[in-house]
$ cat model19.tsv   # TSV, C-alpha atoms
chain	number	residue	atom	x	y	z
A	1	MET	CA	-42.36	25.80	-8.99
A	2	LYS	CA	-42.49	29.58	-8.80
A	3	ALA	CA	-43.30	29.60	-5.07
A	4	LEU	CA	-40.14	27.59	-4.33
A	5	GLU	CA	-37.96	29.89	-6.46
A	6	ASP	CA	-39.40	32.88	-4.61
A	7	LYS	CA	-38.79	31.22	-1.26
A	8	ILE	CA	-35.17	30.38	-2.13
A	9	LEU	CA	-34.57	33.99	-3.20
A	10	LYS	CA	-36.20	35.34	-0.04
A	11	GLU	CA	-34.94	32.90	2.60
A	12	GLY	CA	-31.94	31.06	1.15
A	13	ARG	CA	-28.30	32.05	1.54
A	14	VAL	CA	-25.35	31.14	-0.65
A	15	LEU	CA	-22.23	30.17	1.27
A	16	PRO	CA	-18.70	29.70	-0.06
A	17	GLY	CA	-18.17	26.34	-1.80
A	18	ASN	CA	-21.41	26.35	-3.83
A	19	ILE	CA	-23.49	25.69	-0.72
A	20	LEU	CA	-27.10	26.91	-0.79
A	21	LYS	CA	-28.34	27.14	2.77
A	22	VAL	CA	-32.11	26.65	3.03
A	23	ASP	CA	-32.19	25.29	6.54
A	24	CYS	CA	-34.83	27.82	7.57
A	25	PHE	CA	-37.51	25.91	5.68
A	26	LEU	CA	-36.11	22.62	4.36
A	27	ASN	CA	-33.06	21.16	6.12
A	28	HIS	CA	-33.26	22.04	9.80
A	29	GLN	CA	-36.42	24.04	10.42
A	30	ILE	CA	-39.25	22.66	8.28
A	31	ASP	CA	-41.95	24.96	6.94
A	32	VAL	CA	-44.61	22.27	7.03
A	33	SER	CA	-47.37	24.07	5.13
A	34	PHE	CA	-44.90	25.01	2.38
A	35	LEU	CA	-43.67	21.42	2.09
A	36	LEU	CA	-47.27	20.28	1.75
A	37	GLU	CA	-47.57	22.60	-1.27
A	38	MET	CA	-44.45	20.95	-2.69
A	39	GLY	CA	-46.03	17.56	-2.00
A	40	LYS	CA	-49.17	18.54	-3.96
A	41	GLU	CA	-47.00	19.70	-6.87
A	42	ILE	CA	-45.13	16.37	-6.93
A	43	CYS	CA	-48.43	14.46	-6.82
A	44	ALA	CA	-49.68	16.48	-9.80
A	45	LEU	CA	-46.48	15.79	-11.79
A	46	TYR	CA	-46.95	12.02	-11.37
A	47	LYS	CA	-50.74	11.82	-11.50
A	48	ASP	CA	-50.64	9.58	-14.60
A	49	VAL	CA	-47.88	7.27	-13.31
A	50	PRO	CA	-48.74	4.17	-11.24
A	51	VAL	CA	-46.27	4.90	-8.40
A	52	ASN	CA	-46.79	2.59	-5.43
A	53	LYS	CA	-43.79	3.56	-3.27
A	54	ILE	CA	-41.56	6.58	-2.64
A	55	LEU	CA	-37.87	6.04	-1.92
A	56	THR	CA	-35.80	8.77	-0.28
A	57	ILE	CA	-32.67	8.95	1.87
A	58	GLU	CA	-32.20	10.24	5.38
A	59	THR	CA	-32.40	12.94	6.58
A	60	SER	CA	-33.68	15.92	4.65
A	61	GLY	CA	-35.44	13.96	1.93
A	62	ILE	CA	-37.87	12.52	4.47
A	63	PRO	CA	-40.23	15.48	5.04
A	64	ILE	CA	-40.60	16.16	1.29
A	65	ALA	CA	-41.19	12.46	0.61
A	66	PHE	CA	-43.73	12.33	3.43
A	67	ALA	CA	-45.55	15.37	2.06
A	68	ALA	CA	-45.76	13.92	-1.45
A	69	ALA	CA	-46.68	10.45	-0.18
A	70	GLN	CA	-49.76	11.65	1.62
A	71	PHE	CA	-51.24	13.11	-1.57
A	72	MET	CA	-50.17	10.08	-3.63
A	73	ASN	CA	-51.42	7.68	-0.97
A	74	VAL	CA	-48.30	5.48	-0.95
A	75	PRO	CA	-45.76	4.50	1.71
A	76	VAL	CA	-42.27	6.00	1.99
A	77	VAL	CA	-39.07	4.01	2.41
A	78	PHE	CA	-35.98	5.93	3.44
A	79	ALA	CA	-32.50	4.58	2.77
A	80	LYS	CA	-30.19	4.77	5.75
A	81	LYS	CA	-26.66	6.09	5.60
A	82	ASN	CA	-24.30	3.49	6.95
A	83	LYS	CA	-20.80	4.70	7.62
A	84	SER	CA	-19.57	1.59	9.41
A	85	GLY	CA	-18.66	-0.34	6.27
A	86	ASN	CA	-20.43	-3.41	7.71
A	87	ILE	CA	-23.25	-4.45	5.41
A	88	SER	CA	-25.54	-7.33	6.33
A	89	ASP	CA	-27.03	-9.79	3.85
A	90	ASP	CA	-30.60	-8.66	4.35
A	91	VAL	CA	-30.17	-5.22	2.74
A	92	TYR	CA	-29.55	-3.71	-0.66
A	93	SER	CA	-26.67	-1.25	-0.50
A	94	SER	CA	-24.84	1.18	-2.73
A	95	LYS	CA	-21.73	3.30	-2.08
A	96	VAL	CA	-22.35	7.06	-2.26
A	97	THR	CA	-19.91	9.95	-2.05
A	98	SER	CA	-21.49	13.16	-0.79
A	99	PHE	CA	-20.45	16.16	-2.89
A	100	THR	CA	-21.44	18.75	-0.28
A	101	ARG	CA	-19.89	17.07	2.70
A	102	ASN	CA	-16.97	15.28	1.11
A	103	TYR	CA	-17.48	11.87	2.71
A	104	SER	CA	-18.65	8.43	1.66
A	105	TYR	CA	-21.30	6.12	3.03
A	106	ASP	CA	-23.34	3.10	2.03
A	107	ALA	CA	-27.01	3.82	1.30
A	108	VAL	CA	-28.87	0.77	2.61
A	109	VAL	CA	-32.47	-0.44	2.28
A	110	SER	CA	-33.83	-3.60	3.85
A	111	LYS	CA	-34.78	-6.25	1.34
A	112	ASP	CA	-38.15	-6.40	3.09
A	113	TYR	CA	-39.19	-3.01	1.71
A	114	LEU	CA	-38.42	-3.12	-2.01
A	115	ALA	CA	-39.68	-5.84	-4.31
A	116	PRO	CA	-39.73	-6.52	-8.08
A	117	GLU	CA	-43.39	-5.44	-8.34
A	118	ASP	CA	-42.66	-1.97	-6.88
A	119	GLN	CA	-43.08	1.13	-9.05
A	120	VAL	CA	-40.79	3.58	-7.30
A	121	LEU	CA	-40.58	7.36	-7.30
A	122	VAL	CA	-37.30	8.68	-5.88
A	123	ILE	CA	-37.47	11.99	-3.96
A	124	ASP	CA	-34.60	13.99	-2.51
A	125	ASP	CA	-33.94	17.54	-1.37
A	126	PHE	CA	-30.86	18.43	-3.45
A	127	LEU	CA	-29.28	17.26	-6.68
A	128	ALA	CA	-25.73	18.34	-7.49
A	129	LYS	CA	-23.56	15.66	-9.10
A	130	GLY	CA	-26.32	13.04	-8.71
A	131	ASN	CA	-24.37	10.69	-6.47
A	132	ALA	CA	-27.15	10.04	-3.96
A	133	LEU	CA	-29.69	9.53	-6.78
A	134	ASN	CA	-27.37	7.07	-8.52
A	135	GLY	CA	-27.10	5.12	-5.27
A	136	LEU	CA	-30.89	5.00	-4.85
A	137	MET	CA	-31.40	3.96	-8.47
A	138	ASP	CA	-28.77	1.25	-8.03
A	139	ILE	CA	-30.74	-0.07	-5.05
A	140	ILE	CA	-34.00	-0.06	-7.06
A	141	SER	CA	-32.22	-2.01	-9.77
A	142	GLN	CA	-30.82	-4.53	-7.27
A	143	ALA	CA	-34.38	-5.09	-6.01
A	144	GLY	CA	-35.61	-5.66	-9.57
A	145	ALA	CA	-38.14	-2.86	-9.01
A	146	THR	CA	-39.16	-0.24	-11.59
A	147	LEU	CA	-37.97	3.37	-11.44
A	148	CYS	CA	-40.80	5.77	-12.33
A	149	GLY	CA	-38.69	8.91	-12.02
A	150	CYS	CA	-36.88	11.23	-9.65
A	151	VAL	CA	-38.21	14.40	-8.06
A	152	ILE	CA	-35.78	16.86	-6.52
A	153	ALA	CA	-36.65	19.97	-4.57
A	154	ILE	CA	-33.60	21.99	-5.61
A	155	GLU	CA	-31.30	21.03	-8.47
A	156	LYS	CA	-27.95	22.76	-8.86
A	157	GLY	CA	-28.18	22.76	-12.64
A	158	PHE	CA	-24.65	24.12	-13.07
A	159	GLN	CA	-23.20	20.97	-11.51
A	160	GLY	CA	-24.59	18.83	-14.31
A	161	GLY	CA	-25.85	15.79	-12.43
A	162	GLY	CA	-29.49	16.25	-13.46
A	163	ASP	CA	-28.70	16.76	-17.14
A	164	GLU	CA	-26.47	13.66	-17.19
A	165	LEU	CA	-29.37	11.59	-15.88
A	166	ARG	CA	-31.83	13.13	-18.37
A	167	ALA	CA	-29.39	12.36	-21.20
A	168	LYS	CA	-29.60	8.70	-20.14
A	169	GLY	CA	-33.39	8.83	-20.51
A	170	ILE	CA	-34.19	9.01	-16.81
A	171	ARG	CA	-37.11	11.23	-15.86
A	172	VAL	CA	-35.86	13.92	-13.45
A	173	ASP	CA	-38.26	16.64	-12.30
A	174	SER	CA	-36.78	19.39	-10.17
A	175	LEU	CA	-39.08	21.88	-8.50
A	176	ALA	CA	-36.39	24.55	-8.85
A	177	ILE	CA	-33.23	24.42	-11.00
A	178	ILE	CA	-30.45	26.86	-10.18
A	179	GLU	CA	-28.53	27.84	-13.30
A	180	SER	CA	-25.89	29.90	-11.53
A	181	MET	CA	-25.25	31.24	-8.07
A	182	THR	CA	-22.74	33.39	-6.22
A	183	GLU	CA	-22.96	35.01	-2.81
A	184	HIS	CA	-24.58	38.00	-4.51
A	185	SER	CA	-26.76	36.56	-7.25
A	186	LEU	CA	-28.82	33.49	-7.98
A	187	GLU	CA	-30.45	32.62	-11.29
A	188	PHE	CA	-32.94	29.88	-12.09
A	189	ARG	CA	-33.14	27.91	-15.30
A	190	LYS	CA	-35.87	29.25	-17.56
B	1	MET	CA	-53.76	4.89	21.23
B	2	LYS	CA	-55.42	1.55	20.64
B	3	ALA	CA	-54.67	1.52	16.90
B	4	LEU	CA	-50.95	1.90	17.61
B	5	GLU	CA	-50.97	-0.90	20.18
B	6	ASP	CA	-52.73	-3.14	17.67
B	7	LYS	CA	-50.23	-2.22	14.96
B	8	ILE	CA	-47.25	-2.97	17.23
B	9	LEU	CA	-48.74	-6.36	18.11
B	10	LYS	CA	-49.44	-7.14	14.49
B	11	GLU	CA	-46.34	-5.76	12.75
B	12	GLY	CA	-43.65	-5.29	15.42
B	13	ARG	CA	-40.96	-7.79	16.35
B	14	VAL	CA	-39.00	-8.04	19.58
B	15	LEU	CA	-35.29	-8.71	19.10
B	16	PRO	CA	-32.73	-9.68	21.72
B	17	GLY	CA	-31.51	-6.74	23.82
B	18	ASN	CA	-34.93	-5.16	24.44
B	19	ILE	CA	-35.15	-3.96	20.84
B	20	LEU	CA	-38.64	-3.48	19.43
B	21	LYS	CA	-38.40	-3.46	15.65
B	22	VAL	CA	-41.15	-1.43	14.01
B	23	ASP	CA	-39.29	-0.48	10.88
B	24	CYS	CA	-42.12	-1.71	8.69
B	25	PHE	CA	-44.20	1.36	9.56
B	26	LEU	CA	-42.15	3.82	11.61
B	27	ASN	CA	-38.35	3.65	11.29
B	28	HIS	CA	-37.47	2.61	7.76
B	29	GLN	CA	-40.68	2.13	5.79
B	30	ILE	CA	-43.23	4.79	6.80
B	31	ASP	CA	-46.94	4.04	6.78
B	32	VAL	CA	-47.89	7.60	5.94
B	33	SER	CA	-51.65	7.34	6.46
B	34	PHE	CA	-51.11	5.69	9.84
B	35	LEU	CA	-48.64	8.39	10.91
B	36	LEU	CA	-51.22	11.01	9.95
B	37	GLU	CA	-53.63	9.33	12.40
B	38	MET	CA	-50.91	9.59	15.05
B	39	GLY	CA	-50.47	13.25	14.12
B	40	LYS	CA	-54.20	13.91	14.64
B	41	GLU	CA	-54.05	12.20	18.03
B	42	ILE	CA	-51.10	14.38	19.10
B	43	CYS	CA	-52.93	17.50	17.93
B	44	ALA	CA	-55.97	16.51	19.99
B	45	LEU	CA	-53.83	15.93	23.11
B	46	TYR	CA	-52.40	19.46	22.90
B	47	LYS	CA	-55.45	21.32	21.59
B	48	ASP	CA	-55.57	23.55	24.68
B	49	VAL	CA	-51.83	24.30	24.77
B	50	PRO	CA	-50.39	27.26	22.81
B	51	VAL	CA	-47.62	25.28	21.08
B	52	ASN	CA	-45.90	27.30	18.36
B	53	LYS	CA	-43.06	24.92	17.43
B	54	ILE	CA	-42.31	21.21	17.43
B	55	LEU	CA	-38.79	20.03	18.23
B	56	THR	CA	-37.65	16.53	17.28
B	57	ILE	CA	-34.36	14.81	16.48
B	58	GLU	CA	-33.19	13.12	13.32
B	59	THR	CA	-34.05	10.68	11.86
B	60	SER	CA	-37.13	8.74	12.90
B	61	GLY	CA	-38.75	11.53	14.90
B	62	ILE	CA	-39.13	13.63	11.76
B	63	PRO	CA	-42.12	11.93	10.07
B	64	ILE	CA	-44.17	11.85	13.30
B	65	ALA	CA	-43.31	15.48	14.03
B	66	PHE	CA	-44.23	16.42	10.46
B	67	ALA	CA	-47.57	14.63	10.76
B	68	ALA	CA	-48.45	16.34	14.03
B	69	ALA	CA	-47.22	19.75	12.85
B	70	GLN	CA	-49.58	19.88	9.91
B	71	PHE	CA	-52.62	19.48	12.15
B	72	MET	CA	-51.22	21.91	14.73
B	73	ASN	CA	-50.18	24.37	12.02
B	74	VAL	CA	-46.67	24.96	13.40
B	75	PRO	CA	-43.14	24.48	12.03
B	76	VAL	CA	-40.86	21.60	12.96
B	77	VAL	CA	-37.22	21.97	13.99
B	78	PHE	CA	-35.14	18.82	14.04
B	79	ALA	CA	-31.99	18.56	16.13
B	80	LYS	CA	-29.04	17.11	14.26
B	81	LYS	CA	-26.82	14.40	15.63
B	82	ASN	CA	-23.22	15.58	15.53
B	83	LYS	CA	-20.64	12.93	16.15
B	84	SER	CA	-17.58	14.99	15.27
B	85	GLY	CA	-17.21	16.63	18.67
B	86	ASN	CA	-16.75	20.01	16.95
B	87	ILE	CA	-19.49	22.39	18.08
B	88	SER	CA	-19.76	25.87	16.61
B	89	ASP	CA	-20.85	28.96	18.55
B	90	ASP	CA	-24.07	29.45	16.62
B	91	VAL	CA	-25.83	26.33	17.94
B	92	TYR	CA	-27.29	25.02	21.17
B	93	SER	CA	-25.95	21.56	21.92
B	94	SER	CA	-26.36	18.79	24.45
B	95	LYS	CA	-24.51	15.49	24.85
B	96	VAL	CA	-26.72	12.40	24.43
B	97	THR	CA	-25.90	8.72	24.90
B	98	SER	CA	-28.10	6.39	22.86
B	99	PHE	CA	-29.36	3.45	24.88
B	100	THR	CA	-30.28	1.33	21.87
B	101	ARG	CA	-27.14	1.87	19.87
B	102	ASN	CA	-24.59	2.37	22.61
B	103	TYR	CA	-22.92	5.51	21.26
B	104	SER	CA	-22.80	9.19	22.10
B	105	TYR	CA	-23.42	12.29	20.04
B	106	ASP	CA	-24.16	15.98	20.47
B	107	ALA	CA	-27.73	16.99	19.67
B	108	VAL	CA	-27.43	20.41	18.02
B	109	VAL	CA	-29.97	23.09	17.07
B	110	SER	CA	-29.10	26.37	15.36
B	111	LYS	CA	-29.68	29.40	17.58
B	112	ASP	CA	-31.69	30.84	14.66
B	113	TYR	CA	-34.54	28.37	15.22
B	114	LEU	CA	-35.28	28.46	18.95
B	115	ALA	CA	-36.02	31.67	20.83
B	116	PRO	CA	-37.20	32.65	24.33
B	117	GLU	CA	-40.76	33.27	23.08
B	118	ASP	CA	-41.10	29.73	21.70
B	119	GLN	CA	-43.62	27.32	23.25
B	120	VAL	CA	-42.15	23.98	22.31
B	121	LEU	CA	-43.63	20.50	22.02
B	122	VAL	CA	-41.00	17.77	21.85
B	123	ILE	CA	-41.83	14.70	19.72
B	124	ASP	CA	-39.80	11.52	19.31
B	125	ASP	CA	-40.36	7.95	18.18
B	126	PHE	CA	-39.03	6.01	21.19
B	127	LEU	CA	-38.49	6.66	24.89
B	128	ALA	CA	-36.36	4.22	26.87
B	129	LYS	CA	-34.06	5.85	29.44
B	130	GLY	CA	-35.02	9.35	28.28
B	131	ASN	CA	-31.55	10.39	27.16
B	132	ALA	CA	-32.55	11.97	23.86
B	133	LEU	CA	-35.50	13.78	25.52
B	134	ASN	CA	-33.22	15.13	28.22
B	135	GLY	CA	-30.89	16.47	25.53
B	136	LEU	CA	-33.77	18.18	23.70
B	137	MET	CA	-35.12	19.67	26.94
B	138	ASP	CA	-31.63	20.92	27.79
B	139	ILE	CA	-31.52	22.67	24.40
B	140	ILE	CA	-34.95	24.27	24.99
B	141	SER	CA	-33.70	25.48	28.36
B	142	GLN	CA	-30.50	26.93	26.83
B	143	ALA	CA	-32.67	28.85	24.36
B	144	GLY	CA	-34.80	30.22	27.21
B	145	ALA	CA	-37.86	28.75	25.47
B	146	THR	CA	-40.82	27.09	27.21
B	147	LEU	CA	-41.35	23.32	27.20
B	148	CYS	CA	-45.05	22.49	26.71
B	149	GLY	CA	-44.58	18.73	26.96
B	150	CYS	CA	-43.21	15.65	25.26
B	151	VAL	CA	-45.05	13.23	22.99
B	152	ILE	CA	-43.56	9.84	22.27
B	153	ALA	CA	-44.86	7.24	19.85
B	154	ILE	CA	-43.66	4.19	21.80
B	155	GLU	CA	-42.45	4.32	25.39
B	156	LYS	CA	-40.64	1.35	26.89
B	157	GLY	CA	-42.26	1.79	30.28
B	158	PHE	CA	-40.15	-0.91	31.90
B	159	GLN	CA	-37.00	1.13	31.31
B	160	GLY	CA	-38.26	3.92	33.55
B	161	GLY	CA	-37.25	7.01	31.60
B	162	GLY	CA	-40.81	8.28	31.13
B	163	ASP	CA	-41.80	7.84	34.76
B	164	GLU	CA	-38.66	9.65	35.94
B	165	LEU	CA	-39.61	12.65	33.82
B	166	ARG	CA	-43.24	12.55	35.02
B	167	ALA	CA	-42.00	12.44	38.62
B	168	LYS	CA	-40.19	15.72	37.92
B	169	GLY	CA	-43.48	17.27	36.80
B	170	ILE	CA	-42.79	17.12	33.07
B	171	ARG	CA	-45.77	16.31	30.87
B	172	VAL	CA	-44.99	13.15	28.89
B	173	ASP	CA	-47.68	11.64	26.65
B	174	SER	CA	-46.86	8.33	25.00
B	175	LEU	CA	-49.18	6.94	22.36
B	176	ALA	CA	-48.28	3.41	23.47
B	177	ILE	CA	-46.48	2.35	26.66
B	178	ILE	CA	-44.95	-1.11	26.76
B	179	GLU	CA	-45.01	-2.54	30.26
B	180	SER	CA	-43.08	-5.69	29.47
B	181	MET	CA	-41.80	-7.51	26.44
B	182	THR	CA	-39.98	-10.67	25.50
B	183	GLU	CA	-39.54	-12.35	22.14
B	184	HIS	CA	-42.83	-14.19	22.80
B	185	SER	CA	-45.04	-11.68	24.61
B	186	LEU	CA	-45.67	-7.98	24.75
B	187	GLU	CA	-47.89	-6.17	27.26
B	188	PHE	CA	-49.02	-2.57	27.27
B	189	ARG	CA	-49.56	-0.42	30.34
B	190	LYS	CA	-53.25	-0.22	31.23

$ encode --input "model19.tsv" --output "structure tokens"
Amino acid sequence: MKALEDKILKEGRVLPGNILKVDCFLNHQIDVSFLLEMGKEICALYKDVPVNKILTIETSGIPIAFAAAQFMNVPVVFAKKNKSGNISDDVYSSKVTSFTRNYSYDAVVSKDYLAPEDQVLVIDDFLAKGNALNGLMDIISQAGATLCGCVIAIEKGFQGGGDELRAKGIRVDSLAIIESMTEHSLEFRK
Amino acid sequence: MKALEDKILKEGRVLPGNILKVDCFLNHQIDVSFLLEMGKEICALYKDVPVNKILTIETSGIPIAFAAAQFMNVPVVFAKKNKSGNISDDVYSSKVTSFTRNYSYDAVVSKDYLAPEDQVLVIDDFLAKGNALNGLMDIISQAGATLCGCVIAIEKGFQGGGDELRAKGIRVDSLAIIESMTEHSLEFRK
């Protein structure tokens, strides 16, 4: 999505440790009209797929999922991050290690909100190693639901998580894929 | 908002400890088309007020804020919940104790995203004692910005937080106000 690449170049900042800071429009302040454009793009990508539910994970996946959901006319379910280690019987859960923040949590979804008949599109803001996505896909599998694909706003292509998933035959659409970045330059995958 | 009262009666559940569980449409699964109706209602309430930014707090305030923001054509900023106790110099922060969950955190907002010229509408999902709202209003005050008012999806009127704020002259609009609730009955304020 050319408009997203342009916005990352204009408003994003690269910090030490392979961190891309886009909290002016995506992670802290939300540019609502821009996210609606992203939502329309996601809807167009999946127009021929019978998605009936979007699954994301708190926090920053929620606005993108909400934007896409309103054009696709489906509900959103967001997984919660449980750091307590106590998991009740009425949830699906999967252990995730965050690459960016260097901590672990359990992604949890109530059994009430995913069922075998669900056709699920996974949406998240960032994809680096793919750990959060793997957790969400594990949860979909536990529910016996069907994974339609994964949409990511910004994939850090150089970290390989997206390509590993694609090599397994999983559909992964990223609106922008960063091929390389330093504090002084940023290149997108062609 | 009659439609919200009806939805709470139909889909909500009261749990021990004054907990109203509405995670089938608001807190875990999100009924996107219903939240858009809530967003329209919020826009109508503030149509004569020059709001230029919506402030909410992660996680469940975000979808409601996003819905309202798209009709009001303004950006959203969401405060983050920091439990580490380490607060950097580049943020506004305010200590909040959660009534429902019985823990404390610092609500933090980057100084980049609130400025003295901002006219801020605060939006959140629940209001009980008003602790989260007080934290957000404290942050607005630290930024030297102007508070236009607060919109809450569901106010627990019997816990008094909303009325305390109104008594101080703060505009608080709740889409539904619960006057009393038990596991077997739920009454709204007339």

$ atom_distance --input "model19.tsv" --atom1 "atom CA of Ser174 of chain B" --atom2 "atom CA of Ile154 of chain B"
6.1 Å

$ interface_residues --input "model19.tsv" --of "chain B" --to "chain A" --cutoff "6 Å" --atoms "all atoms listed in the file" --output "list in words"
His28, Gln29, Ile30, Asp31, Val32, Thr59, Pro75, Val76, Val77 and Phe78 of chain B

$ axis_aligned_box --input "model19.tsv" --around "segment 65-80 of chain B" --padding-each-side "8 Å" --output "lines of an AutoDock Vina configuration file"
center_x = -40.8
center_y = 19.8
center_z = 13.0
size_x = 39.6
size_y = 26.3
size_z = 22.2

$ residues_around --input "model19.tsv" --residues "Glu183 of chain B" --least-positions-apart "2" --cutoff "8 Å" --atoms "all atoms listed in the file" --output "PDB file with C-alpha atoms, keeping the file's coordinate frame"
ATOM      1  CA  ARG B  13     -40.960  -7.790  16.350  1.00  0.00           C
ATOM      2  CA  VAL B  14     -39.000  -8.040  19.580  1.00  0.00           C
ATOM      3  CA  LEU B  15     -35.290  -8.710  19.100  1.00  0.00           C
ATOM      4  CA  PRO B  16     -32.730  -9.680  21.720  1.00  0.00           C
ATOM      5  CA  MET B 181     -41.800  -7.510  26.440  1.00  0.00           C
ATOM      6  CA  SER B 185     -45.040 -11.680  24.610  1.00  0.00           C
ATOM      7  CA  LEU B 186     -45.670  -7.980  24.750  1.00  0.00           C
TER       8      LEU B 186
END

$ residues_around --input "model19.tsv" --residues "Ile170 of chain A" --least-positions-apart "5" --cutoff "8 Å" --atoms "only C-alpha atoms" --output "JSON, numbers by chain"
{"A": [149, 150, 165]}

$ atom_distance --input "model19.tsv" --atom1 "atom CA of Ser180 of chain A" --atom2 "atom CA of Asp124 of chain A"
20.3 Å

$ atom_distance --input "model19.tsv" --atom1 "atom CA of Asp89 of chain B" --atom2 "atom CA of Ser84 of chain A"
28.9 Å

$ residues_near_point --input "model19.tsv" --point "(-52.0, 3.7, 16.6)" --cutoff "9 Å" --atoms "only C-alpha atoms" --output "count of residues only"
16

$ residues_near_point --input "model19.tsv" --point "(-39.2, 0.3, 35.8)" --cutoff "12 Å" --atoms "only C-alpha atoms" --output "ChimeraX atom specification"
/B:128-129,155-164,177-180,189

$ residues_around --input "model19.tsv" --residues "Tyr105 of chain A" --least-positions-apart "6" --cutoff "7 Å" --atoms "only C-alpha atoms" --output "list of chain:residue names"
A:Lys81, A:Asn82, A:Lys83, A:Lys95, A:Val96, A:Thr97

$ closest_residue --input "model19.tsv" --among "A:Gln119, A:Lys40, A:Phe126, A:Ala143" --to "Asp90 of chain A" --atoms "all atoms listed in the file"
A:Ala143

$ closest_residue --input "model19.tsv" --among "A:Asn86, A:Gln142, A:Thr56, A:Asn102" --to "Asp125 of chain A" --atoms "all atoms listed in the file"
A:Thr56

$ build_atoms --input "model19.tsv" --residues "segment 168-184 of chain A" --atoms "N, CA and C atoms" --output "short mmCIF file (atom, residue, chain, number, x, y, z; two decimals), in the frame of the given file"
data_model
loop_
_atom_site.label_atom_id
_atom_site.label_comp_id
_atom_site.auth_asym_id
_atom_site.auth_seq_id
_atom_site.Cartn_x
_atom_site.Cartn_y
_atom_site.Cartn_z
N LYS A 168 -29.49 10.17 -20.14
CA LYS A 168 -29.60 8.70 -20.14
C LYS A 168 -31.05 8.24 -20.27
N GLY A 169 -31.98 9.21 -20.36
CA GLY A 169 -33.39 8.83 -20.51
C GLY A 169 -34.14 8.68 -19.21
N ILE A 170 -33.51 9.11 -18.11
CA ILE A 170 -34.19 9.01 -16.81
C ILE A 170 -35.03 10.27 -16.59
N ARG A 171 -36.25 10.08 -16.15
CA ARG A 171 -37.11 11.23 -15.86
C ARG A 171 -36.66 11.90 -14.56
N VAL A 172 -36.26 13.16 -14.64
CA VAL A 172 -35.86 13.92 -13.45
C VAL A 172 -36.64 15.23 -13.44
N ASP A 173 -37.49 15.41 -12.44
CA ASP A 173 -38.26 16.64 -12.30
C ASP A 173 -37.73 17.40 -11.08
N SER A 174 -37.25 18.60 -11.30
CA SER A 174 -36.78 19.39 -10.17
C SER A 174 -37.72 20.56 -9.98
N LEU A 175 -38.11 20.81 -8.74
CA LEU A 175 -39.08 21.88 -8.50
C LEU A 175 -38.44 23.25 -8.71
N ALA A 176 -37.13 23.32 -8.52
CA ALA A 176 -36.39 24.55 -8.85
C ALA A 176 -35.01 24.12 -9.35
N ILE A 177 -34.57 24.73 -10.45
CA ILE A 177 -33.23 24.42 -11.00
C ILE A 177 -32.41 25.71 -10.99
N ILE A 178 -31.32 25.69 -10.26
CA ILE A 178 -30.45 26.86 -10.18
C ILE A 178 -29.44 26.79 -11.32
N GLU A 179 -29.44 27.82 -12.16
CA GLU A 179 -28.53 27.84 -13.30
C GLU A 179 -27.16 28.37 -12.90
N SER A 180 -27.16 29.36 -12.01
CA SER A 180 -25.89 29.90 -11.53
C SER A 180 -26.12 30.55 -10.17
N MET A 181 -25.10 30.53 -9.34
CA MET A 181 -25.25 31.24 -8.07
C MET A 181 -23.88 31.70 -7.57
N THR A 182 -23.90 32.88 -6.95
CA THR A 182 -22.74 33.39 -6.22
C THR A 182 -23.31 33.92 -4.90
N GLU A 183 -22.43 34.46 -4.07
CA GLU A 183 -22.96 35.01 -2.81
C GLU A 183 -23.86 36.22 -3.05
N HIS A 184 -23.81 36.77 -4.27
CA HIS A 184 -24.58 38.00 -4.51
C HIS A 184 -25.69 37.84 -5.53
#
